[in-house]
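Text of structure-v4.csv, listed as CSV, C-alpha atoms:
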chain,number,residue,atom,x,y,z
A,594,MET,CA,46.0,56.7,18.6
A,595,ARG,CA,42.6,58.4,18.7
A,596,LYS,CA,41.5,56.3,15.6
A,597,ARG,CA,42.5,53.1,17.3
A,598,THR,CA,40.6,54.0,20.5
A,599,ALA,CA,37.5,54.9,18.5
A,600,ARG,CA,37.5,51.6,16.7
A,601,LEU,CA,38.0,49.7,20.0
A,602,VAL,CA,35.0,51.6,21.5
A,603,ALA,CA,32.9,50.8,18.5
A,604,ARG,CA,33.6,47.1,18.8
A,605,VAL,CA,32.8,47.1,22.5
A,606,LEU,CA,29.5,48.9,21.9
A,607,LEU,CA,28.6,46.4,19.1
A,608,TRP,CA,29.4,43.5,21.4
A,609,ILE,CA,27.2,45.0,24.1
A,610,LEU,CA,24.4,45.5,21.6
A,611,VAL,CA,24.5,41.8,20.5
A,612,VAL,CA,24.5,40.6,24.1
A,613,VAL,CA,21.5,42.8,25.0
A,614,MET,CA,19.5,41.6,22.0
A,615,SER,CA,20.3,38.0,22.7
A,616,VAL,CA,19.2,38.3,26.3
A,617,SER,CA,16.0,40.1,25.3
A,618,GLY,CA,15.2,37.3,22.8
A,619,GLN,CA,16.1,39.3,19.7
A,620,THR,CA,18.7,38.3,17.1
A,621,CYS,CA,20.4,40.0,14.3
A,622,ASN,CA,19.6,37.1,11.9
A,623,ALA,CA,16.3,36.2,10.2
A,624,GLU,CA,14.5,33.0,11.0
A,625,PRO,CA,16.7,29.9,10.7
A,626,PRO,CA,16.6,28.4,7.2
A,627,GLU,CA,14.0,25.6,6.5
A,628,MET,CA,15.0,22.0,6.3
A,629,PRO,CA,16.0,20.9,2.8
A,630,VAL,CA,13.3,19.4,0.7
A,631,ARG,CA,13.5,15.6,0.5
A,632,CYS,CA,12.8,15.0,-3.2
A,633,GLU,CA,14.4,17.0,-6.0
A,634,VAL,CA,14.5,17.4,-9.8
A,635,VAL,CA,17.9,18.7,-10.7
A,636,PRO,CA,18.7,19.6,-14.4
A,637,LEU,CA,22.3,18.8,-15.4
A,638,PRO,CA,24.5,19.6,-18.3
A,639,GLY,CA,24.5,17.2,-21.2
A,640,GLN,CA,20.6,17.0,-21.5
A,641,ARG,CA,20.2,15.1,-18.3
A,642,VAL,CA,17.8,15.5,-15.3
A,643,SER,CA,18.7,14.0,-11.9
A,644,LEU,CA,16.0,12.7,-9.6
A,645,ARG,CA,17.1,12.6,-6.0
A,646,ILE,CA,15.9,11.7,-2.5
A,647,ASP,CA,17.7,13.3,0.5
A,648,GLY,CA,20.5,14.5,-1.9
A,649,VAL,CA,21.1,11.0,-3.3
A,650,GLU,CA,20.5,10.4,-7.0
A,651,LYS,CA,18.2,7.5,-7.6
A,652,THR,CA,17.9,7.8,-11.4
A,653,CYS,CA,18.6,10.2,-14.2
A,654,TRP,CA,16.5,11.0,-17.3
A,655,ASN,CA,18.9,11.2,-20.4
A,656,PHE,CA,17.5,12.9,-23.5
A,657,ASP,CA,20.6,13.6,-25.6
A,658,ASP,CA,19.6,14.6,-29.1
A,659,GLY,CA,22.2,12.3,-30.5
A,660,SER,CA,20.6,9.2,-28.9
A,661,PRO,CA,17.9,7.2,-30.7
A,662,ARG,CA,15.6,7.6,-27.8
A,663,PRO,CA,15.6,9.0,-24.2
A,664,PHE,CA,16.1,6.6,-21.2
A,665,PHE,CA,16.5,6.4,-17.4
A,666,TYR,CA,20.1,5.6,-16.3
A,667,PRO,CA,21.5,4.9,-13.8
A,668,VAL,CA,18.8,3.3,-11.6
A,669,ARG,CA,20.3,2.9,-8.1
A,670,GLY,CA,19.4,0.2,-5.5
A,671,PRO,CA,18.1,1.2,-2.0
A,672,GLN,CA,21.5,0.2,-0.6
A,673,GLY,CA,23.5,1.5,-3.6
A,674,GLY,CA,24.7,-0.3,-6.7
A,675,ASP,CA,23.1,-0.4,-10.2
A,676,LEU,CA,19.8,-2.2,-10.7
A,677,THR,CA,19.9,-1.8,-14.5
A,678,ARG,CA,22.5,-1.7,-17.3
A,679,ILE,CA,23.1,-0.4,-20.8
A,680,GLY,CA,23.0,-3.1,-23.4
A,681,HIS,CA,22.8,-6.9,-23.3
A,682,PRO,CA,25.6,-8.8,-21.5
A,683,GLY,CA,26.4,-11.1,-24.4
A,684,ALA,CA,24.7,-9.7,-27.6
A,685,PRO,CA,26.1,-6.5,-29.2
A,686,ASN,CA,23.0,-6.3,-31.5
A,687,HIS,CA,21.0,-5.5,-28.3
A,688,ASP,CA,22.7,-2.2,-27.5
A,689,HIS,CA,19.3,-0.5,-28.0
A,690,HIS,CA,18.4,-1.9,-24.5
A,691,ARG,CA,19.1,1.2,-22.4
A,692,SER,CA,18.2,0.6,-18.8
A,693,ILE,CA,14.5,1.8,-18.7
A,694,TRP,CA,13.2,3.2,-22.0
A,695,PHE,CA,10.2,3.7,-24.2
A,696,ALA,CA,10.0,2.2,-27.7
A,697,HIS,CA,7.7,0.3,-30.1
A,698,HIS,CA,8.6,-2.2,-32.8
A,699,LYS,CA,6.2,-0.7,-35.5
A,700,VAL,CA,4.5,2.7,-35.6
A,701,ASP,CA,2.6,3.0,-38.9
A,702,GLY,CA,5.0,0.3,-40.1
A,703,GLN,CA,8.2,2.1,-39.0
A,704,ASP,CA,10.6,0.6,-36.5
A,705,PHE,CA,11.1,2.6,-33.3
A,706,TRP,CA,12.6,-0.4,-31.4
A,707,ALA,CA,16.0,-1.1,-32.9
A,708,ASP,CA,18.8,1.4,-33.5
A,709,ASP,CA,19.9,2.6,-37.0
A,710,ARG,CA,16.4,2.5,-38.5
A,711,GLY,CA,16.2,6.2,-39.4
A,712,THR,CA,13.6,6.8,-36.7
A,713,GLN,CA,14.2,8.8,-33.5
A,714,ILE,CA,12.4,9.7,-30.2
A,715,ARG,CA,13.5,13.2,-29.1
A,716,GLN,CA,12.4,15.4,-26.1
A,717,LYS,CA,10.9,18.6,-27.5
A,718,ARG,CA,10.7,20.5,-24.2
A,719,TRP,CA,10.5,20.2,-20.5
A,720,ILE,CA,7.2,21.4,-19.0
A,721,ALA,CA,7.6,21.3,-15.2
A,722,TYR,CA,10.2,20.4,-12.5
A,723,GLN,CA,8.7,20.2,-9.0
A,724,ASP,CA,10.4,19.4,-5.7
A,725,GLY,CA,8.7,18.2,-2.6
A,726,ASP,CA,8.8,16.2,0.5
A,727,GLU,CA,6.3,13.6,-0.7
A,728,GLU,CA,7.5,13.3,-4.3
A,729,ALA,CA,9.5,15.0,-7.0
A,730,VAL,CA,7.8,15.4,-10.4
A,731,MET,CA,9.1,16.0,-13.9
A,732,ALA,CA,7.0,16.6,-16.9
A,733,SER,CA,8.2,16.7,-20.5
A,734,GLN,CA,7.0,16.4,-24.1
A,735,CYS,CA,8.7,14.1,-26.7
A,736,GLY,CA,8.2,13.5,-30.4
A,737,TRP,CA,8.5,10.2,-32.3
A,738,TYR,CA,10.0,11.1,-35.7
A,739,GLY,CA,9.8,8.8,-38.7
A,740,ILE,CA,12.3,8.2,-41.5
A,741,GLU,CA,11.1,11.3,-43.4
A,742,GLY,CA,11.4,13.5,-40.3
A,743,ASP,CA,7.6,13.7,-39.8
A,744,GLU,CA,6.3,13.4,-36.2
A,745,LEU,CA,4.2,10.2,-35.9
A,746,ILE,CA,3.6,10.5,-32.2
A,747,GLU,CA,3.5,13.2,-29.6
A,748,GLN,CA,4.3,11.8,-26.2
A,749,GLU,CA,3.5,13.6,-22.9
A,750,LEU,CA,5.6,12.2,-20.0
A,751,ILE,CA,5.1,12.7,-16.3
A,752,VAL,CA,7.4,11.0,-13.9
A,753,ALA,CA,7.3,11.1,-10.1
A,754,LEU,CA,9.9,9.9,-7.7
A,755,LEU,CA,8.4,8.7,-4.4
A,756,PRO,CA,10.4,7.8,-1.2
A,757,LEU,CA,9.3,4.6,0.5
A,758,PRO,CA,10.2,3.0,3.9
A,759,LYS,CA,13.6,1.2,4.3
A,760,GLU,CA,15.3,3.5,1.9
A,761,GLU,CA,13.3,2.0,-1.0
A,762,TYR,CA,11.6,4.2,-3.6
A,763,ALA,CA,9.3,4.1,-6.6
A,764,LEU,CA,9.3,5.7,-10.0
A,765,GLU,CA,5.7,6.4,-11.0
A,766,ILE,CA,5.3,6.9,-14.8
A,767,GLN,CA,2.3,8.4,-16.6
A,768,THR,CA,2.5,8.8,-20.3
A,769,THR,CA,0.1,9.9,-23.0
A,770,PHE,CA,0.5,9.1,-26.7
A,771,ARG,CA,-1.3,11.1,-29.4
A,772,PRO,CA,-0.9,11.4,-33.2
A,773,GLY,CA,1.9,13.8,-34.1
A,774,GLN,CA,1.5,17.3,-35.2
A,775,GLY,CA,-0.9,17.6,-38.2
A,776,ARG,CA,-1.9,13.9,-38.0
A,777,GLN,CA,-5.4,12.6,-37.3
A,778,GLN,CA,-4.4,9.0,-36.6
A,779,THR,CA,-1.3,6.9,-35.9
A,780,GLN,CA,-1.3,3.1,-35.5
A,781,LEU,CA,0.7,1.2,-33.0
A,782,ASP,CA,1.1,-2.2,-34.7
A,783,LYS,CA,0.6,-5.5,-32.9
A,784,THR,CA,3.9,-6.5,-31.3
A,785,ASN,CA,5.4,-7.8,-28.1
A,786,PHE,CA,8.2,-5.2,-28.3
A,787,GLY,CA,6.9,-2.0,-26.6
A,788,MET,CA,6.0,0.3,-24.9
A,789,LEU,CA,8.1,0.4,-21.8
A,790,ALA,CA,11.0,-2.0,-21.1
A,791,VAL,CA,13.6,-2.6,-18.4
A,792,ARG,CA,17.1,-4.2,-18.8
A,793,VAL,CA,18.3,-5.3,-15.4
A,794,ALA,CA,21.8,-5.5,-14.1
A,795,LYS,CA,23.8,-8.6,-15.2
A,796,SER,CA,23.9,-10.0,-11.7
A,797,ILE,CA,20.1,-9.8,-11.3
A,798,SER,CA,19.4,-11.7,-14.6
A,799,ALA,CA,18.4,-15.4,-14.3
A,800,HIS,CA,20.9,-16.5,-17.1
A,801,PHE,CA,24.0,-14.3,-16.5
A,802,GLY,CA,23.5,-13.9,-12.8
A,803,GLN,CA,21.7,-15.4,-9.9
A,804,GLY,CA,18.5,-13.5,-10.2
A,805,ARG,CA,14.9,-14.6,-10.3
A,806,LEU,CA,12.0,-13.6,-12.5
A,807,THR,CA,8.6,-13.7,-10.8
A,808,SER,CA,5.1,-12.7,-11.9
A,809,SER,CA,2.1,-11.6,-9.8
A,810,GLU,CA,0.5,-14.9,-10.5
A,811,GLY,CA,3.3,-16.8,-8.7
A,812,LEU,CA,5.0,-18.0,-11.9
A,813,GLN,CA,8.7,-18.0,-12.2
A,814,GLY,CA,11.2,-18.1,-15.1
A,815,GLU,CA,10.9,-17.1,-18.8
A,816,LYS,CA,9.1,-20.3,-20.0
A,817,ALA,CA,6.3,-19.9,-17.4
A,818,VAL,CA,5.9,-16.1,-17.6
A,819,PHE,CA,6.6,-15.1,-21.3
A,820,GLY,CA,3.4,-13.7,-22.9
A,821,GLN,CA,1.3,-14.3,-19.9
A,822,PRO,CA,-0.9,-11.5,-18.4
A,823,ALA,CA,0.0,-10.3,-14.9
A,824,ARG,CA,-0.5,-7.3,-12.7
A,825,TRP,CA,3.2,-7.0,-12.1
A,826,MET,CA,6.6,-8.6,-12.9
A,827,ASP,CA,9.7,-8.7,-10.7
A,828,TYR,CA,13.4,-9.3,-11.2
A,829,SER,CA,15.4,-9.7,-8.0
A,830,GLY,CA,18.9,-10.9,-7.2
A,831,PRO,CA,22.4,-10.0,-5.9
A,832,VAL,CA,23.8,-6.5,-6.5
A,833,ALA,CA,27.3,-5.3,-5.8
A,834,ILE,CA,27.7,-2.2,-3.6
A,835,GLY,CA,30.6,-0.3,-2.2
A,836,GLN,CA,34.2,0.2,-3.3
A,837,GLY,CA,37.5,-1.4,-2.6
A,838,GLU,CA,37.7,-3.6,0.5
A,839,SER,CA,34.2,-2.7,1.5
A,840,ARG,CA,32.7,-4.0,-1.7
A,841,GLN,CA,30.0,-6.6,-1.1
A,842,MET,CA,26.9,-8.2,-2.5
A,843,VAL,CA,23.4,-7.4,-1.3
A,844,THR,CA,20.0,-8.5,-2.5
A,845,ALA,CA,17.7,-6.1,-4.4
A,846,GLY,CA,15.3,-5.9,-7.3
A,847,LEU,CA,12.8,-4.1,-9.4
A,848,THR,CA,9.1,-4.7,-9.5
A,849,PHE,CA,7.3,-3.4,-12.6
A,850,PHE,CA,3.6,-2.7,-12.0
A,851,ASP,CA,0.8,-2.3,-14.6
A,852,HIS,CA,-2.0,0.1,-13.5
A,853,PRO,CA,-5.6,-1.3,-13.5
A,854,ASP,CA,-6.7,1.7,-15.6
A,855,ASN,CA,-4.5,0.8,-18.5
A,856,PRO,CA,-6.6,-0.4,-21.5
A,857,CYS,CA,-4.7,-3.7,-21.7
A,858,HIS,CA,-4.6,-4.5,-18.0
A,859,PRO,CA,-3.5,-7.0,-16.9
A,860,THR,CA,-0.9,-6.6,-19.5
A,861,HIS,CA,1.0,-9.4,-21.3
A,862,TRP,CA,4.7,-9.4,-20.6
A,863,HIS,CA,7.7,-9.9,-22.9
A,864,VAL,CA,10.4,-11.3,-20.6
A,865,ARG,CA,13.7,-13.1,-20.9
A,866,ASP,CA,16.0,-15.0,-18.6
A,867,ASP,CA,18.8,-13.0,-20.0
A,868,GLY,CA,17.7,-10.0,-17.9
A,869,TRP,CA,14.9,-7.9,-19.4
A,870,MET,CA,11.1,-7.4,-19.0
A,871,GLY,CA,8.7,-5.3,-21.0
A,872,ALA,CA,5.0,-4.4,-20.6
A,873,ALA,CA,3.6,-5.3,-24.0
A,874,CYS,CA,0.3,-3.4,-24.3
A,875,CYS,CA,0.0,-4.3,-28.0
A,876,PHE,CA,0.8,-8.0,-27.5
A,877,GLU,CA,-2.6,-9.2,-28.8
A,878,ALA,CA,-3.8,-6.4,-31.0
A,879,GLU,CA,-2.8,-3.0,-32.6
A,880,TYR,CA,-3.9,0.3,-31.1
A,881,ARG,CA,-5.0,3.2,-33.2
A,882,LEU,CA,-4.2,6.6,-31.7
A,883,SER,CA,-6.4,9.6,-32.5
A,884,GLN,CA,-6.7,13.1,-31.1
A,885,GLU,CA,-10.0,12.1,-29.5
A,886,GLN,CA,-8.7,8.7,-28.2
A,887,PRO,CA,-5.0,8.9,-27.1
A,888,LEU,CA,-3.3,6.0,-25.3
A,889,VAL,CA,-2.7,6.7,-21.6
A,890,LEU,CA,-0.5,4.3,-19.8
A,891,ARG,CA,0.5,4.3,-16.1
A,892,TYR,CA,3.3,2.2,-14.6
A,893,LEU,CA,5.2,2.0,-11.4
A,894,ILE,CA,8.7,0.7,-10.9
A,895,HIS,CA,9.6,-0.2,-7.3
A,896,ALA,CA,13.2,-0.5,-6.3
A,897,HIS,CA,13.3,-2.8,-3.3
A,898,ALA,CA,15.9,-4.2,-0.9
A,899,SER,CA,15.1,-7.9,-1.0
A,900,ASP,CA,15.5,-11.0,-3.1
A,901,GLU,CA,11.7,-11.2,-3.7
A,902,PRO,CA,8.8,-8.8,-4.1
A,903,HIS,CA,7.5,-9.5,-0.5
A,904,ASP,CA,5.2,-6.4,-0.3
A,905,ALA,CA,4.2,-6.2,-4.0
A,906,THR,CA,0.5,-6.7,-3.3
A,907,GLU,CA,0.6,-3.7,-0.8
A,908,VAL,CA,2.5,-1.5,-3.3
A,909,PHE,CA,0.1,-2.5,-6.1
A,910,ASN,CA,-3.0,-1.6,-4.1
A,911,ALA,CA,-1.5,1.8,-3.2
A,912,PHE,CA,-0.6,2.5,-6.8
A,913,SER,CA,-4.1,1.3,-8.0
A,914,HIS,CA,-5.8,3.9,-5.7
A,915,ARG,CA,-3.4,6.8,-6.4
A,916,GLN,CA,-4.9,9.5,-8.5
A,917,PRO,CA,-3.5,10.3,-12.0
A,918,PHE,CA,-1.6,13.5,-12.9
A,919,LYS,CA,-2.7,16.4,-14.9
A,920,ILE,CA,-0.7,19.4,-16.3
A,921,GLN,CA,-2.3,22.8,-15.9
A,922,PRO,CA,-1.3,26.5,-16.2
A,923,SER,CA,0.3,27.8,-13.0
A,924,GLU,CA,-0.9,30.8,-11.0
A,925,GLU,CA,2.4,31.0,-9.2
A,926,PRO,CA,4.8,33.8,-10.3
A,927,HIS,CA,7.6,32.8,-12.7
A,928,VAL,CA,6.1,29.3,-13.1
A,929,GLN,CA,4.3,28.5,-16.4
A,930,PHE,CA,2.9,25.1,-15.7
A,931,GLN,CA,2.3,22.9,-12.7
A,932,VAL,CA,1.6,19.2,-12.3
A,933,ARG,CA,-1.2,18.1,-9.9
A,934,ARG,CA,-2.9,14.9,-9.1
A,935,VAL,CA,-6.6,14.8,-10.2
A,936,ILE,CA,-9.0,15.5,-7.4
A,937,GLU,CA,-12.0,13.1,-7.3

Could you render the structure as structure tokens?
Amino acid sequence: MRKRTARLVARVLLWILVVVMSVSGQTCNAEPPEMPVRCEVVPLPGQRVSLRIDGVEKTCWNFDDGSPRPFFYPVRGPQGGDLTRIGHPGAPNHDHHRSIWFAHHKVDGQDFWADDRGTQIRQKRWIAYQDGDEEAVMASQCGWYGIEGDELIEQELIVALLPLPKEEYALEIQTTFRPGQGRQQTQLDKTNFGMLAVRVAKSISAHFGQGRLTSSEGLQGEKAVFGQPARWMDYSGPVAIGQGESRQMVTAGLTFFDHPDNPCHPTHWHVRDDGWMGAACCFEAEYRLSQEQPLVLRYLIHAHASDEPHDATEVFNAFSHRQPFKIQPSEEPHVQFQVRRVIE
């Protein structure tokens, strides 16, 4: 009986203490937790990295060692649905088309474009993962390995996910290509296959769907656009979203921007009505990499919720004036490297 009374008294005293502290403006808890960060880089099992805005995955970087090369998939539309696909809708010999990916037809004469050529692009290590309200940033290092297993190219990759108005977003890509370890030079041969390509969803393609291919110069369709220089290229069309009875079609698209600082700007484009577009920086001539003269390329892919790139000029101008990234040692505890934009 005495023990029960003692416990009851203790509870009453604790309740009185809480009430007094509340009235006096004091609480037993620390400051309320901060709001969650908007943009996140989330590593996942299976050699994947999820890029998210407000907790929603927009795309995922896949770098499985068993794959011929890394790639971004899925690529979600602003309203949902898939804006890209894996492989060609009608040609099984185009399974090397993996959503958004890096490749090149000939590197020192070796094929890094098609599958089953004995070559491979592998991620060697991740360098930095950074969350933030304005952007999320991922940095990694890849190696391009030839038939004999030697590294022909070392690729530094920096990717930023940026939220835009109307639930739209942009994937900003900055990549640097240098000769591989122990090499003084590596040649990127002349080709219209490489360096960055996009395979859009079937419904967005002009041939298999009801999509439209448009360049910054106002040209439309493969015949008018193929091989022509342009500041940007766009594929837009219907996209399925939702599930079950709520499934419906909306309009969306991807605009692929070439940065003015790229050595081949405005780049020539390898595009097809069957649903793909590629920025071909070596369309007119080869490029010889050296340690003193690496190839730095900057691109932006804008996921928009419309059937045409209505604000492409505005997005291009903003991208043109945005400072590039650099990787540097970090002074923050437990963080080895950080990615920052260059200060003028």

Range 735-774 of chain A near range 723-730 of chain A within 9 Å: what's each residue's closest atom pair and its distance in Å to one decimal, counting all atoms listed in the file, ordered by chain then ascending residue number, as a Markdown table?
| residue | atom | partner | partner_atom | distance |
| --- | --- | --- | --- | --- |
| A:Ile751 | CA | A:Val730 | CA | 7.0 |
| A:Val752 | CA | A:Val730 | CA | 5.6 |
| A:Ala753 | CA | A:Val730 | CA | 4.3 |
| A:Leu754 | CA | A:Ala729 | CA | 5.2 |
| A:Leu755 | CA | A:Glu728 | CA | 4.7 |
| A:Pro756 | CA | A:Glu728 | CA | 6.9 |

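Closest approach to Asp688 in chain A among A:Ile894, A:Met870, A:Val700, A:Ala707: A:Ala707, based on all atoms listed in the file.
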
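Comparing the minimum interatomic distances between Thr906 in chain A and each of A:Val843, A:Ala721, A:Met826, A:Ala833, counting only C-alpha atoms, we find that A:Met826 sits nearest.
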
Wanna dump the range 763-838 of chain A-range 886-893 of chain A contacts at 12 Å for me, each residue with its shortest atom pair and the distance in Å to one decimal, counting only C-alpha atoms, ordered by chain and number, as a tab-separated table?
residue	atom	partner	partner_atom	distance
A:Ala763	CA	A:Leu893	CA	6.7
A:Leu764	CA	A:Leu893	CA	5.7
A:Glu765	CA	A:Leu893	CA	4.4
A:Ile766	CA	A:Tyr892	CA	5.1
A:Gln767	CA	A:Arg891	CA	4.5
A:Thr768	CA	A:Leu890	CA	5.4
A:Thr769	CA	A:Val889	CA	4.5
A:Phe770	CA	A:Leu888	CA	5.1
A:Arg771	CA	A:Pro887	CA	4.9
A:Pro772	CA	A:Pro887	CA	7.8
A:Gly773	CA	A:Pro887	CA	11.0
A:Gln777	CA	A:Gln886	CA	10.4
A:Gln778	CA	A:Gln886	CA	9.4
A:Thr779	CA	A:Pro887	CA	9.8
A:Gln780	CA	A:Leu888	CA	10.8
A:Leu781	CA	A:Leu888	CA	9.9
A:Gly787	CA	A:Leu890	CA	11.9
A:Met788	CA	A:Leu890	CA	9.2
A:Leu789	CA	A:Tyr892	CA	8.8
A:Ala790	CA	A:Tyr892	CA	10.9
A:Val791	CA	A:Leu893	CA	11.9
A:Arg824	CA	A:Tyr892	CA	10.4
A:Trp825	CA	A:Leu893	CA	9.2
A:Met826	CA	A:Leu893	CA	10.8
A:Asp827	CA	A:Leu893	CA	11.6

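In terms of minimum interatomic distance to Ala898 in chain A, A:Val832 ranks closest within A:Ala911, A:Cys874, A:Val832, A:Val935, counting all atoms listed in the file.
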
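Using all atoms listed in the file, the nearest neighbour of Asp782 in chain A within the list A:Gln931, A:Thr652, A:Ser692, A:Gln703 is A:Gln703.
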
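Remark: for Gln916 in chain A, the closest of the candidate residues A:Asp657, A:Asp866, A:Asp854, A:Glu901 is A:Asp854 (distances computed over all atoms listed in the file).
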
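Shortest atom-to-atom contact with Val818 in chain A among A:Gly871, A:Gly739, A:Gly835, A:Pro663: A:Gly871, counting all atoms listed in the file.
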
Would you pick out the contacts of Pro831 in chain A at 12 Å or less, using only C-alpha atoms, so that residues sharing its chain but fewer than 3 positions from it are not included, and give the list as a VMD selection string? chain A and resid 670 672 to 676 793 to 799 801 to 805 828 834 841 to 847 897 to 901

Quick one: everything within 10 Å of Val928 in chain A, counting all atoms listed in the file, minus sequence neighbours fewer than 6 positions away in the same chain. Send it as a PyMOL selection string. chain A and resi 720-722+922

I'd like the interatomic distance between CA of His681 in chain A and CA of Asp708 in chain A, to a tenth of an Å. 13.7 Å

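For the atom pair formed by CA of Ile714 in chain A and CA of Val635 in chain A, the distance is 22.2 Å, given to one decimal.
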
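Atom pair CA of Asn655 in chain A / CA of Arg631 in chain A: separated by 22.0 Å.
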
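With only the atoms specified (all atoms listed in the file) counting, those residues at most 12 Å away from (23.1, 11.4, -5.5) are Cys632, Glu633, Val634, Val635, Val642, Ser643, Leu644, Arg645, Ile646, Asp647, Gly648, Val649, Glu650, Lys651, Thr652, Cys653, Pro667, Val668, Arg669, Gly670, Pro671, Gly673 and Gly674 of chain A.
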
Quick one: residues within 12 Å of Pro661 in chain A, all atoms listed in the file counted, chain neighbours fewer than 2 positions away excluded, as a ChimeraX atom specification? /A:655-659,663-664,688-691,694-696,704-716,736-739
